[in-house]
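For reference, input.cif (mmCIF, C-alpha atoms and all ligand atoms):
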```cif
data_query
loop_
_atom_site.label_atom_id
_atom_site.label_comp_id
_atom_site.auth_asym_id
_atom_site.auth_seq_id
_atom_site.Cartn_x
_atom_site.Cartn_y
_atom_site.Cartn_z
CA MET V 1 12.63 6.64 13.54
CA PRO V 2 11.61 9.32 16.07
CA GLU V 3 8.04 9.29 17.30
CA SER V 4 7.55 12.91 16.33
CA ASP V 5 8.36 12.09 12.76
CA LEU V 6 4.91 12.63 11.33
CA PRO V 7 4.95 13.49 7.62
CA PRO V 8 6.70 16.85 7.30
CA THR V 9 3.81 18.92 6.06
CA PRO V 10 0.11 19.20 6.70
CA LEU V 11 -1.74 16.28 5.19
CA ALA V 12 -4.75 18.48 4.83
CA PRO V 13 -5.28 22.19 4.29
CA PRO V 14 -5.79 24.03 7.59
CA ASP V 15 -9.58 24.07 7.43
CA ARG V 16 -9.58 20.30 7.25
CA GLN V 17 -7.39 20.05 10.31
CA SER V 18 -9.54 22.02 12.69
CA GLY V 19 -10.59 18.88 14.49
CA SER V 20 -14.27 19.59 14.05
CA ALA V 21 -16.44 17.06 12.31
CA GLN V 22 -17.40 18.89 9.15
CA PRO V 23 -20.23 17.62 7.00
CA GLY V 24 -18.87 15.77 4.03
CA PHE V 25 -15.39 15.50 5.46
CA LEU V 26 -15.27 11.73 5.22
CA ALA V 27 -16.72 11.71 1.69
CA GLY V 28 -14.08 14.25 0.72
CA LEU V 29 -11.46 11.89 2.10
CA GLY V 30 -12.78 9.09 -0.11
CA TRP V 31 -15.26 7.36 2.24
CA SER V 32 -18.22 5.77 0.44
CA GLY V 33 -20.99 3.22 0.79
CA PHE V 34 -18.48 0.50 -0.02
CA PHE V 35 -16.86 1.15 3.38
CA SER V 36 -19.94 1.99 5.48
CA GLU V 37 -21.52 -1.31 4.42
CA GLN V 38 -18.64 -3.10 6.12
CA LEU V 39 -19.39 -1.62 9.55
CA ALA V 40 -20.95 -3.87 12.17
CA PRO V 41 -23.60 -2.21 14.39
CA ASP V 42 -21.18 -2.03 17.34
CA GLU V 43 -18.56 -0.27 15.19
CA ALA V 44 -20.64 2.83 14.49
CA GLY V 45 -18.95 4.84 17.26
CA LEU V 46 -15.40 4.13 16.12
CA LEU V 47 -13.21 6.72 14.44
CA ARG V 48 -12.80 6.24 10.68
CA ALA V 49 -9.32 7.14 9.54
CA ARG V 50 -7.30 6.85 6.36
CA ILE V 51 -3.68 5.71 6.54
CA SER V 52 -1.34 8.47 5.39
CA ALA V 53 2.03 6.84 6.09
CA VAL V 54 3.19 3.34 7.03
CA HIS V 55 6.39 3.02 9.06
CA ARG V 56 7.99 -0.10 10.45
CA THR V 57 6.48 0.30 13.90
CA ARG V 58 3.80 2.96 13.52
CA LEU V 59 0.95 4.13 11.33
CA THR V 60 -0.19 7.70 10.81
CA ALA V 61 -3.64 8.51 9.54
CA THR V 62 -5.87 11.42 8.70
CA SER V 63 -9.33 11.68 10.21
CA GLU V 64 -11.93 14.14 11.40
CA SER V 65 -9.66 14.66 14.42
CA GLY V 66 -6.85 15.82 12.13
CA GLN V 67 -3.67 13.88 11.62
CA ILE V 68 -3.25 11.15 14.21
CA ARG V 69 -0.82 8.48 15.18
CA LEU V 70 -2.62 5.17 15.59
CA SER V 71 -1.79 3.08 18.58
CA LEU V 72 -1.17 -0.53 17.68
CA PRO V 73 -2.35 -3.47 19.77
CA ALA V 74 0.49 -5.29 21.58
CA ARG V 75 2.83 -7.14 19.21
CA ALA V 76 0.84 -5.95 16.18
CA SER V 77 2.84 -5.22 13.07
CA THR V 78 2.33 -2.54 10.43
CA ALA V 79 3.06 -5.06 7.67
CA GLY V 80 0.03 -5.53 5.48
CA PHE V 81 -1.15 -1.92 5.78
CA ALA V 82 -1.05 0.33 2.74
CA VAL V 83 -1.17 4.10 2.39
CA GLY V 84 -4.79 4.87 1.49
CA ASP V 85 -6.27 2.09 3.64
CA TRP V 86 -9.37 2.85 5.70
CA VAL V 87 -9.18 1.74 9.32
CA LEU V 88 -11.38 1.93 12.41
CA ALA V 89 -9.88 3.12 15.68
CA ASP V 90 -11.00 4.07 19.16
CA ALA V 91 -12.08 7.73 19.01
CA GLU V 92 -10.32 8.60 22.30
CA THR V 93 -7.19 6.45 22.46
CA HIS V 94 -6.72 5.98 18.69
CA LEU V 95 -6.14 2.28 19.35
CA LEU V 96 -6.40 0.48 16.03
CA HIS V 97 -9.48 -1.72 15.78
CA ARG V 98 -9.32 -3.12 12.24
CA ARG V 99 -8.66 -2.39 8.59
CA LEU V 100 -11.59 -2.28 6.17
CA GLU V 101 -11.70 -4.25 2.96
CA ARG V 102 -10.13 -2.39 0.05
CA ARG V 103 -11.84 -1.20 -3.09
CA THR V 104 -8.59 -1.35 -5.05
CA LEU V 105 -5.02 -2.29 -4.18
CA ILE V 106 -1.85 -1.62 -6.14
CA SER V 107 0.60 -4.28 -5.09
CA ARG V 108 3.54 -6.17 -6.48
CA ARG V 109 5.78 -9.02 -5.44
CA LEU V 110 9.41 -8.17 -4.85
CA GLU V 111 12.00 -10.70 -5.85
CA GLY V 112 13.16 -12.71 -2.86
CA SER V 113 10.47 -11.33 -0.53
CA PRO V 114 7.41 -13.29 0.59
CA VAL V 115 5.42 -10.12 1.35
CA PRO V 116 4.08 -7.98 -1.48
CA GLN V 117 4.97 -4.32 -1.64
CA LEU V 118 1.83 -2.20 -1.35
CA THR V 119 1.91 1.01 -3.38
CA GLY V 120 -1.52 2.27 -2.44
CA ALA V 121 -5.04 1.24 -1.46
CA ASN V 122 -8.42 2.58 -2.53
CA VAL V 123 -6.86 4.43 -5.45
CA ASP V 124 -9.14 5.65 -8.25
CA THR V 125 -6.53 6.73 -10.78
CA LEU V 126 -2.92 5.79 -11.32
CA PHE V 127 -0.88 8.58 -12.86
CA ILE V 128 1.90 6.78 -14.69
CA VAL V 129 4.58 9.45 -14.83
CA THR V 130 7.40 9.49 -17.35
CA SER V 131 9.34 12.29 -19.02
CA CYS V 132 9.92 13.46 -22.56
CA ASN V 133 13.56 12.34 -22.33
CA ALA V 134 15.68 9.18 -21.95
CA ASP V 135 13.33 7.88 -19.24
CA PHE V 136 10.62 7.17 -21.82
CA ASN V 137 10.52 3.40 -22.35
CA PRO V 138 7.45 1.67 -23.86
CA ALA V 139 8.26 -1.75 -22.37
CA ARG V 140 8.44 -0.31 -18.86
CA LEU V 141 5.30 1.77 -19.33
CA GLU V 142 3.44 -1.37 -20.41
CA ARG V 143 4.37 -2.96 -17.08
CA TYR V 144 2.90 -0.02 -15.18
CA LEU V 145 -0.24 -0.23 -17.30
CA ALA V 146 -0.68 -3.92 -16.55
CA LEU V 147 -0.27 -3.13 -12.84
CA ALA V 148 -2.96 -0.40 -13.01
CA ASN V 149 -5.35 -2.62 -14.98
CA GLU V 150 -4.90 -5.50 -12.58
CA ALA V 151 -5.53 -3.26 -9.56
CA GLY V 152 -8.78 -1.98 -11.06
CA THR V 153 -7.53 1.61 -11.21
CA GLU V 154 -7.77 3.86 -14.25
CA PRO V 155 -4.34 4.55 -15.75
CA VAL V 156 -3.51 8.03 -17.06
CA MET V 157 -0.17 8.55 -18.78
CA VAL V 158 1.46 11.78 -17.69
CA LEU V 159 4.44 12.92 -19.77
CA THR V 160 6.39 15.54 -17.83
CA LYS V 161 9.16 17.89 -18.98
CA ALA V 162 7.29 18.80 -22.18
CA ASP V 163 8.86 22.24 -21.68
CA THR V 164 12.33 20.75 -22.33
CA VAL V 165 11.61 19.47 -25.86
CA ASP V 166 10.66 21.24 -29.09
CA ASP V 167 8.05 18.70 -29.96
CA ALA V 168 6.45 16.15 -27.64
CA ASP V 169 4.20 14.66 -30.34
CA GLU V 170 6.31 11.57 -30.96
CA PHE V 171 6.25 10.71 -27.22
CA VAL V 172 2.48 11.17 -27.18
CA ARG V 173 2.00 9.01 -30.26
CA GLN V 174 4.08 6.19 -28.81
CA ALA V 175 2.41 6.38 -25.39
CA ALA V 176 -1.09 6.40 -26.88
CA SER V 177 -0.32 3.24 -28.87
CA LEU V 178 0.38 1.26 -25.68
CA GLN V 179 -3.22 0.68 -24.65
CA ARG V 180 -6.56 1.26 -26.33
CA GLY V 181 -8.35 4.36 -25.03
CA LEU V 182 -5.41 5.45 -22.88
CA VAL V 183 -5.45 9.11 -21.87
CA VAL V 184 -2.03 10.70 -22.48
CA LEU V 185 -1.17 14.19 -21.23
CA THR V 186 1.97 16.26 -21.69
CA LEU V 187 2.82 18.97 -19.23
CA ASN V 188 5.40 20.90 -17.30
CA ALA V 189 5.02 19.55 -13.77
CA ARG V 190 6.37 22.79 -12.31
CA SER V 191 3.73 24.95 -13.96
CA PRO V 192 0.30 25.70 -12.39
CA GLU V 193 -1.25 24.72 -15.72
CA ALA V 194 -0.41 21.10 -14.88
CA ALA V 195 -3.04 21.19 -12.12
CA GLU V 196 -5.64 22.36 -14.64
CA ALA V 197 -4.79 19.51 -17.02
CA LEU V 198 -5.08 16.94 -14.22
CA ALA V 199 -8.20 18.44 -12.61
CA PRO V 200 -10.65 15.81 -14.00
CA TRP V 201 -9.05 13.16 -11.74
CA CYS V 202 -8.34 15.32 -8.70
CA GLY V 203 -11.71 16.40 -7.30
CA SER V 204 -13.03 15.94 -3.77
CA GLY V 205 -13.12 12.33 -2.61
CA ARG V 206 -10.85 11.13 -5.44
CA THR V 207 -7.51 9.43 -4.84
CA VAL V 208 -4.63 9.41 -7.28
CA ALA V 209 -1.36 7.49 -6.92
CA LEU V 210 1.84 8.49 -8.71
CA ILE V 211 4.24 5.90 -10.06
CA GLY V 212 7.26 6.11 -12.31
CA SER V 213 11.01 5.99 -12.11
CA SER V 214 13.08 8.33 -9.98
CA GLY V 215 13.43 11.86 -11.28
CA VAL V 216 10.39 11.97 -13.59
CA GLY V 217 8.72 14.65 -11.47
CA LYS V 218 6.23 12.80 -9.26
CA SER V 219 6.87 14.95 -6.19
CA THR V 220 7.11 18.09 -8.33
CA LEU V 221 3.64 17.27 -9.65
CA LEU V 222 2.31 16.73 -6.14
CA ASN V 223 3.71 20.09 -5.03
CA THR V 224 1.99 21.78 -7.97
CA LEU V 225 -1.30 19.99 -7.22
CA ALA V 226 -1.06 21.01 -3.55
CA GLY V 227 -1.58 24.53 -4.84
CA PRO V 228 0.01 27.93 -4.57
CA GLY V 229 0.61 29.24 -1.09
CA GLN V 230 0.84 25.78 0.47
CA VAL V 231 3.98 24.51 2.14
CA ARG V 232 5.50 22.23 -0.50
CA PRO V 233 4.57 18.77 0.72
CA GLN V 234 7.58 16.98 -0.77
CA GLU V 235 11.28 17.49 -1.42
CA THR V 236 12.36 17.21 -5.05
CA GLY V 237 15.81 16.51 -6.45
CA ALA V 238 17.69 17.27 -9.66
CA ILE V 239 18.38 14.44 -12.11
CA ARG V 240 21.73 13.40 -13.63
CA GLU V 241 22.22 15.28 -16.86
CA HIS V 242 23.87 12.61 -18.95
CA ASP V 243 21.19 9.91 -18.62
CA ALA V 244 18.20 11.71 -17.00
CA LYS V 245 18.24 9.33 -14.02
CA GLY V 246 16.91 10.57 -10.67
CA ARG V 247 18.51 10.23 -7.25
CA HIS V 248 15.68 8.56 -5.33
CA THR V 249 14.76 11.70 -3.44
CA THR V 250 11.46 10.34 -2.10
CA THR V 251 12.01 7.34 0.15
CA SER V 252 8.56 6.40 1.45
CA ARG V 253 4.92 6.49 0.41
CA SER V 254 2.58 9.17 1.76
CA LEU V 255 -0.92 10.56 1.26
CA HIS V 256 -1.43 14.29 0.71
CA ALA V 257 -4.39 16.62 0.31
CA ILE V 258 -4.43 18.70 -2.86
CA ALA V 259 -6.07 22.01 -3.72
CA ALA V 260 -8.76 20.50 -5.95
CA GLY V 261 -10.09 18.57 -2.93
CA GLY V 262 -8.66 15.15 -3.81
CA TRP V 263 -5.78 13.13 -2.42
CA VAL V 264 -2.44 12.08 -3.89
CA ILE V 265 -0.17 9.20 -2.90
CA ASP V 266 3.46 10.02 -3.71
CA SER V 267 5.88 7.11 -3.98
CA PRO V 268 9.62 6.52 -4.22
CA GLY V 269 10.89 6.03 -7.77
CA MET V 270 10.31 2.47 -8.91
CA ARG V 271 13.40 0.53 -9.95
CA THR V 272 12.34 -2.67 -11.71
CA LEU V 273 8.78 -3.89 -11.94
CA HIS V 274 8.43 -7.65 -12.37
CA LEU V 275 4.87 -8.68 -13.06
CA SER V 276 3.03 -11.39 -11.18
CA ASP V 277 -0.67 -12.19 -10.68
CA SER V 278 -1.46 -9.89 -13.60
CA GLU V 279 -3.02 -12.06 -16.28
CA SER V 280 -6.17 -10.00 -16.70
CA GLY V 281 -4.18 -6.74 -16.54
CA ILE V 282 -1.98 -8.02 -19.38
CA ASP V 283 -5.04 -9.11 -21.38
CA THR V 284 -6.49 -5.59 -21.13
CA LEU V 285 -3.16 -4.02 -22.04
CA PHE V 286 -2.77 -6.17 -25.16
CA ALA V 287 -6.43 -6.17 -26.22
CA GLU V 288 -5.50 -6.48 -29.91
CA ILE V 289 -3.84 -9.84 -29.16
CA THR V 290 -6.43 -11.04 -26.64
CA GLU V 291 -9.19 -10.45 -29.18
CA LEU V 292 -7.49 -12.48 -31.91
CA ALA V 293 -6.98 -15.57 -29.73
CA PRO V 294 -10.51 -17.02 -30.14
CA GLN V 295 -9.87 -17.23 -33.90
CA CYS V 296 -6.84 -19.54 -33.45
CA ARG V 297 -7.36 -23.16 -34.53
CA PHE V 298 -6.41 -24.55 -31.12
CA ARG V 299 -8.15 -23.37 -27.99
CA ASP V 300 -4.92 -23.54 -25.98
CA CYS V 301 -2.83 -21.90 -28.71
CA THR V 302 0.32 -20.28 -27.27
CA HIS V 303 0.72 -18.07 -30.37
CA ASN V 304 4.32 -19.22 -30.58
CA HIS V 305 4.35 -21.70 -33.50
CA GLU V 306 0.95 -23.39 -33.93
CA PRO V 307 -0.65 -23.81 -37.38
CA GLY V 308 -3.83 -21.79 -37.84
CA CYS V 309 -2.73 -19.19 -35.27
CA ALA V 310 -4.64 -15.92 -35.83
CA VAL V 311 -2.09 -13.92 -33.83
CA LEU V 312 0.88 -15.09 -35.90
CA ALA V 313 -1.12 -14.47 -39.08
CA ALA V 314 -1.87 -10.90 -37.98
CA ALA V 315 1.81 -10.29 -37.21
CA ALA V 316 2.80 -11.75 -40.60
CA ASP V 317 0.50 -9.50 -42.64
CA GLY V 318 1.19 -6.30 -40.70
CA ARG V 319 -2.07 -5.99 -38.73
CA LEU V 320 -0.21 -6.60 -35.45
CA ASP V 321 2.99 -4.81 -34.44
CA PRO V 322 5.69 -7.50 -34.11
CA ASP V 323 7.38 -5.52 -31.31
CA ARG V 324 4.13 -5.59 -29.32
CA LEU V 325 3.85 -9.34 -29.88
CA ALA V 326 7.42 -9.85 -28.64
CA ARG V 327 6.78 -7.72 -25.54
CA TRP V 328 3.47 -9.49 -24.88
CA ARG V 329 5.23 -12.89 -24.98
CA LYS V 330 7.86 -11.66 -22.56
CA LEU V 331 5.31 -10.31 -20.07
CA ARG V 332 3.07 -13.37 -20.37
CA ASP V 333 5.99 -15.70 -19.67
CA GLU V 334 7.32 -13.57 -16.83
CA ASN V 335 3.88 -13.34 -15.24
CA ARG V 336 3.41 -17.12 -15.44
CA GLU V 337 6.82 -17.72 -13.98
CA ASN V 338 6.12 -15.42 -11.03
CA THR V 339 2.51 -16.35 -10.36
CA PRO V 340 1.60 -19.15 -8.00
CA VAL V 341 -0.74 -21.59 -9.71
CA ALA V 342 -4.26 -22.37 -8.53
CA ASN V 343 -3.65 -26.09 -8.20
CA PRO V 344 -0.58 -26.70 -6.00
CA ARG V 345 -0.14 -30.23 -7.43
CA ALA V 346 0.28 -28.76 -10.90
CA ALA V 347 3.05 -26.49 -9.69
CA SER V 348 6.37 -27.83 -10.77
CA PRO V 349 8.98 -25.50 -9.27
CA ALA V 350 9.11 -25.77 -5.51
CA GLY V 351 7.97 -22.79 -3.53
CA ARG V 352 4.98 -21.86 -5.66
CA ARG V 353 1.99 -21.01 -3.61
CA ARG V 354 -1.71 -21.05 -4.17
CA LYS V 355 -3.10 -18.13 -6.16
CA ARG V 356 -5.28 -15.92 -3.97
N1 LIG B 401 11.78 21.35 -16.73
C1 LIG B 401 11.06 20.50 -15.97
N2 LIG B 401 11.64 19.97 -14.88
C2 LIG B 401 10.89 19.12 -14.14
C3 LIG B 401 9.58 18.74 -14.51
N3 LIG B 401 9.12 17.85 -13.61
C4 LIG B 401 10.12 17.67 -12.72
N4 LIG B 401 11.19 18.42 -13.02
C5 LIG B 401 12.47 18.45 -12.32
O1 LIG B 401 12.96 17.11 -12.31
C6 LIG B 401 13.68 16.85 -11.11
C7 LIG B 401 13.14 15.61 -10.41
O2 LIG B 401 11.84 15.88 -9.92
P1 LIG B 401 11.22 15.11 -8.66
O3 LIG B 401 9.84 15.67 -8.49
O4 LIG B 401 12.11 15.12 -7.49
O5 LIG B 401 11.13 13.64 -9.24
P2 LIG B 401 10.50 12.33 -8.53
O6 LIG B 401 9.79 11.58 -9.61
O7 LIG B 401 9.69 12.72 -7.34
O8 LIG B 401 11.81 11.54 -8.11
P3 LIG B 401 12.03 10.49 -6.88
O9 LIG B 401 11.47 11.10 -5.63
O10 LIG B 401 13.51 10.34 -6.83
O11 LIG B 401 11.33 9.24 -7.28
C8 LIG B 401 13.57 18.13 -10.29
O12 LIG B 401 14.73 18.89 -10.51
C9 LIG B 401 12.36 18.82 -10.87
O13 LIG B 401 12.39 20.23 -10.71
C10 LIG B 401 9.02 19.33 -15.71
O14 LIG B 401 7.89 19.04 -16.12
N5 LIG B 401 9.82 20.19 -16.40
MG MG B 402 9.82 12.17 -5.36
ZN ZN B 403 -2.65 -18.46 -31.67
#
```

Encoded form (structure tokens):
Amino acid sequence: MPESDLPPTPLAPPDRQSGSAQPGFLAGLGWSGFFSEQLAPDEAGLLRARISAVHRTRLTATSESGQIRLSLPARASTAGFAVGDWVLADAETHLLHRRLERRTLISRRLEGSPVPQLTGANVDTLFIVTSCNADFNPARLERYLALANEAGTEPVMVLTKADTVDDADEFVRQAASLQRGLVVLTLNARSPEAAEALAPWCGSGRTVALIGSSGVGKSTLLNTLAGPGQVRPQETGAIREHDAKGRHTTTSRSLHAIAAGGWVIDSPGMRTLHLSDSESGIDTLFAEITELAPQCRFRDCTHNHEPGCAVLAAAADGRLDPDRLARWRKLRDENRENTPVANPRAASPAGRRRKR
């Protein structure tokens, strides 16, 4: 990739790119006490920068000096860096010094790859984007929710293309039933009103990441949030009419400033999400099942067949949705299968590694 290939549009509105150190700039970019506490006394003079794009051989970042390309130490790799990471660098040469510990990290294992894919770091809110059309799939949305819960980010369900249906209520009802207390919004991602609806999560210093399948309107939403009069930060692409599938228009992750003062990480459309290392995220997602478990006769009840099982009893008398129970079992089993166990001697299949 050419060296001049910085993200195509300004990462920050012009006044943020002046190069002058403005008061509050770092706080607006998401810096907080969590990060300053990590600084050693001799690191006070280093530049603090936030990664805006991760390429195979280079990192770009936004900082008080505007958008910069970080110089990497000899033989250093960009693997292990995520968009949204805070790093320290030399203020003059922009030589990378180190990455700071993350507040949150959205990551997943990819089948056949030893390195996790990092969707975003230091994210406050995950906008789970789906559309009021054939893309809407409760089982897939539950996977995204488990990912958000596990990462410690607040999930918000954003249903786009509400303008294409007569009535979005059934989509809202189904989405709201997926997790207790879940905020569900319907909107037209192309309309300026979408920015108003999303404003509570988009203020200065806040970071939002967008996930969802291709074609649901993630980049359209980002362009709307960037505000009128801005160069559109991202390309968007039409979907196939017969099955509403997108064409994978966005191909890499990137961090963008938005009009409300916050920051948005846009991502390529996700294909399949296999869960791993997500036990607590799944427990939060299926709170109605998690809460019944202590009433089972056996402490290690699997809720598959045991006598005295409170979960099976609830499913039998209609208090628990049998479809939810079936999907919970599937996710629990998949997560166990994909998650390295804490005690390597207890691991039966070869290749399992210690849980971090
Ligand atoms: N009518 C309508 N069209 C929308 C809405 N949101 C997105 N679109 C259209 O849907 C298509 C796909 O939008 P994109 O923003 O490219 O979707 P994406 O999620 O970024 O897709 P990938 O980059 O491929 O992952 C474009 O033609 C958009 O104009 C909406 O709320 N209403
Ligand atoms: Mg896109
Ligand atoms: Zn049970």

For chain V against ligand ZN 403 (chain B), with a cut-off of 6 Å and counting only C-alpha atoms and all ligand atoms, what is the closest atom pair and its distance in Å to one decimal for every residue that makes the cut, ordered by chain and number, as a Markdown table?
```
| residue | atom | partner | partner_atom | distance |
| --- | --- | --- | --- | --- |
| V:Ala293 | CA | B:ZN403 | ZN | 5.6 |
| V:Cys296 | CA | B:ZN403 | ZN | 4.7 |
| V:Cys301 | CA | B:ZN403 | ZN | 4.5 |
| V:Thr302 | CA | B:ZN403 | ZN | 5.6 |
| V:His303 | CA | B:ZN403 | ZN | 3.6 |
| V:Cys309 | CA | B:ZN403 | ZN | 3.7 |
| V:Ala310 | CA | B:ZN403 | ZN | 5.3 |
| V:Val311 | CA | B:ZN403 | ZN | 5.1 |
```

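Closest approach to Ile289 in chain V among V:Val129, V:Leu225, V:Leu312, V:Val156: V:Leu312, based on only C-alpha atoms.
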
Q. Pick the closest to ligand LIG 401 (chain B) from V:Leu147, V:Cys132, V:Ala314, V:Leu292: which is it, counting only C-alpha atoms and all ligand atoms?
A. V:Cys132

Q.
Could you list the protein, DNA and RNA residues that have any atom within 8 Å of ligand LIG 401 (chain B), counting only C-alpha atoms and all ligand atoms, and write them as a ChimeraX atom specification?
A. /V:129,131,159-164,187-191,211-222,235-239,246-251,266-270

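When all atoms listed in the file are used to compute distances to Pro138 in chain V, the closest of the residues V:Gly152, V:Leu126, V:Leu210, V:Ser177 turns out to be V:Ser177.
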
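By chain and then residue number, the residues within 6 Å of Ser204 in chain V are Gly28, Gly261 and Gly262 of chain V, counting all atoms listed in the file and disregarding those fewer than 5 positions away in sequence.
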
Just write the chosen residues, C-alpha atoms, as a PDB file, in the frame of the given file.
```pdb
ATOM      1  CA  GLY V  28     -14.080  14.250   0.720  1.00  0.00           C
ATOM      2  CA  GLY V 261     -10.090  18.570  -2.930  1.00  0.00           C
ATOM      3  CA  GLY V 262      -8.660  15.150  -3.810  1.00  0.00           C
TER       4      GLY V 262
END
```

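Atom to atom, CA of Ala82 in chain V and CA of Arg98 in chain V stand 13.1 Å apart.
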
Q. So which residues fall inside 7 Å of (-13.5, 1.0, 4.8) if we count only C-alpha atoms? Mind giving them as a PyMOL selection string?
A. chain V and resi 34-36+38+86-87+100-102

Save the residues we just selected, C-alpha atoms, as a JSON list (two decimals), in the coordinates of the input?
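out_22.json written:
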```json
[["chain", "number", "residue", "atom", "x", "y", "z"],
["V", 34, "PHE", "CA", -18.48, 0.50, -0.02],
["V", 35, "PHE", "CA", -16.86, 1.15, 3.38],
["V", 36, "SER", "CA", -19.94, 1.99, 5.48],
["V", 38, "GLN", "CA", -18.64, -3.10, 6.12],
["V", 86, "TRP", "CA", -9.37, 2.85, 5.70],
["V", 87, "VAL", "CA", -9.18, 1.74, 9.32],
["V", 100, "LEU", "CA", -11.59, -2.28, 6.17],
["V", 101, "GLU", "CA", -11.70, -4.25, 2.96],
["V", 102, "ARG", "CA", -10.13, -2.39, 0.05]]
```

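Of note, CA of Asp323 in chain V and CA of Lys245 in chain V are spaced 25.2 Å apart.
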
Q) So how far away is CA of Arg108 in chain V from CA of Ser276 in chain V, in Å? A) 7.0 Å

**Q.** Ref. answer, residues at most 10 Å from (0.1, 0.9, -19.4) with all atoms listed in the file, as a VMD selection string
**A.** chain V and resid 126 128 138 to 149 154 to 157 175 to 180 182 281 to 282 284 to 286

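Using all atoms listed in the file, the smallest distance between any of V:Ile68, V:Leu88, V:Leu255, V:Leu185 and Asn122 in chain V comes from V:Leu255.
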
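Residues surrounding Arg332 in chain V within 9 Å are Leu275, Ser278, Glu279, Ile282, Arg327 and Glu337 of chain V [all atoms listed in the file; sequence separation below 5 positions excluded].
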
For the residues in the current selection, export C-alpha atoms as a compact mmCIF listing (two decimals), in the coordinates of the input.
```txt
# COMPACT_ATOMS: atom_id res chain seq x y z
CA LEU V 275 4.87 -8.68 -13.06
CA SER V 278 -1.46 -9.89 -13.60
CA GLU V 279 -3.02 -12.06 -16.28
CA ILE V 282 -1.98 -8.02 -19.38
CA ARG V 327 6.78 -7.72 -25.54
CA GLU V 337 6.82 -17.72 -13.98
```

Hey, could you patch up range 309-320 of chain V with N, CA, C and O atoms and hand it over as a PDB file, in the frame of the given file?
```pdb
ATOM      1  N   CYS V 309      -2.743 -20.184 -36.356  1.00  0.00           N
ATOM      2  CA  CYS V 309      -2.730 -19.190 -35.270  1.00  0.00           C
ATOM      3  C   CYS V 309      -3.086 -17.810 -35.839  1.00  0.00           C
ATOM      4  O   CYS V 309      -2.388 -17.277 -36.706  1.00  0.00           O
ATOM      5  N   ALA V 310      -4.169 -17.223 -35.327  1.00  0.00           N
ATOM      6  CA  ALA V 310      -4.640 -15.920 -35.830  1.00  0.00           C
ATOM      7  C   ALA V 310      -3.691 -14.795 -35.420  1.00  0.00           C
ATOM      8  O   ALA V 310      -3.583 -13.785 -36.116  1.00  0.00           O
ATOM      9  N   VAL V 311      -3.006 -14.962 -34.307  1.00  0.00           N
ATOM     10  CA  VAL V 311      -2.090 -13.920 -33.830  1.00  0.00           C
ATOM     11  C   VAL V 311      -0.853 -13.875 -34.729  1.00  0.00           C
ATOM     12  O   VAL V 311      -0.431 -12.791 -35.172  1.00  0.00           O
ATOM     13  N   LEU V 312      -0.291 -15.047 -35.022  1.00  0.00           N
ATOM     14  CA  LEU V 312       0.880 -15.090 -35.900  1.00  0.00           C
ATOM     15  C   LEU V 312       0.521 -14.581 -37.300  1.00  0.00           C
ATOM     16  O   LEU V 312       1.312 -13.871 -37.938  1.00  0.00           O
ATOM     17  N   ALA V 313      -0.694 -14.923 -37.753  1.00  0.00           N
ATOM     18  CA  ALA V 313      -1.120 -14.470 -39.080  1.00  0.00           C
ATOM     19  C   ALA V 313      -1.211 -12.946 -39.109  1.00  0.00           C
ATOM     20  O   ALA V 313      -0.776 -12.304 -40.072  1.00  0.00           O
ATOM     21  N   ALA V 314      -1.738 -12.366 -38.028  1.00  0.00           N
ATOM     22  CA  ALA V 314      -1.870 -10.900 -37.980  1.00  0.00           C
ATOM     23  C   ALA V 314      -0.496 -10.229 -37.948  1.00  0.00           C
ATOM     24  O   ALA V 314      -0.303  -9.169 -38.548  1.00  0.00           O
ATOM     25  N   ALA V 315       0.452 -10.855 -37.249  1.00  0.00           N
ATOM     26  CA  ALA V 315       1.810 -10.290 -37.210  1.00  0.00           C
ATOM     27  C   ALA V 315       2.448 -10.394 -38.588  1.00  0.00           C
ATOM     28  O   ALA V 315       3.164  -9.483 -39.025  1.00  0.00           O
ATOM     29  N   ALA V 316       2.174 -11.516 -39.293  1.00  0.00           N
ATOM     30  CA  ALA V 316       2.800 -11.750 -40.600  1.00  0.00           C
ATOM     31  C   ALA V 316       2.284 -10.754 -41.644  1.00  0.00           C
ATOM     32  O   ALA V 316       3.049 -10.290 -42.489  1.00  0.00           O
ATOM     33  N   ASP V 317       1.004 -10.395 -41.580  1.00  0.00           N
ATOM     34  CA  ASP V 317       0.500  -9.500 -42.640  1.00  0.00           C
ATOM     35  C   ASP V 317       0.396  -8.044 -42.173  1.00  0.00           C
ATOM     36  O   ASP V 317      -0.275  -7.232 -42.812  1.00  0.00           O
ATOM     37  N   GLY V 318       1.050  -7.719 -41.069  1.00  0.00           N
ATOM     38  CA  GLY V 318       1.190  -6.300 -40.700  1.00  0.00           C
ATOM     39  C   GLY V 318       0.039  -5.722 -39.903  1.00  0.00           C
ATOM     40  O   GLY V 318       0.044  -4.540 -39.571  1.00  0.00           O
ATOM     41  N   ARG V 319      -0.968  -6.534 -39.532  1.00  0.00           N
ATOM     42  CA  ARG V 319      -2.070  -5.990 -38.730  1.00  0.00           C
ATOM     43  C   ARG V 319      -1.664  -5.864 -37.267  1.00  0.00           C
ATOM     44  O   ARG V 319      -2.283  -5.137 -36.502  1.00  0.00           O
ATOM     45  N   LEU V 320      -0.649  -6.615 -36.859  1.00  0.00           N
ATOM     46  CA  LEU V 320      -0.210  -6.600 -35.450  1.00  0.00           C
ATOM     47  C   LEU V 320       1.274  -6.224 -35.425  1.00  0.00           C
ATOM     48  O   LEU V 320       2.077  -6.786 -36.166  1.00  0.00           O
TER      49      LEU V 320
END
```
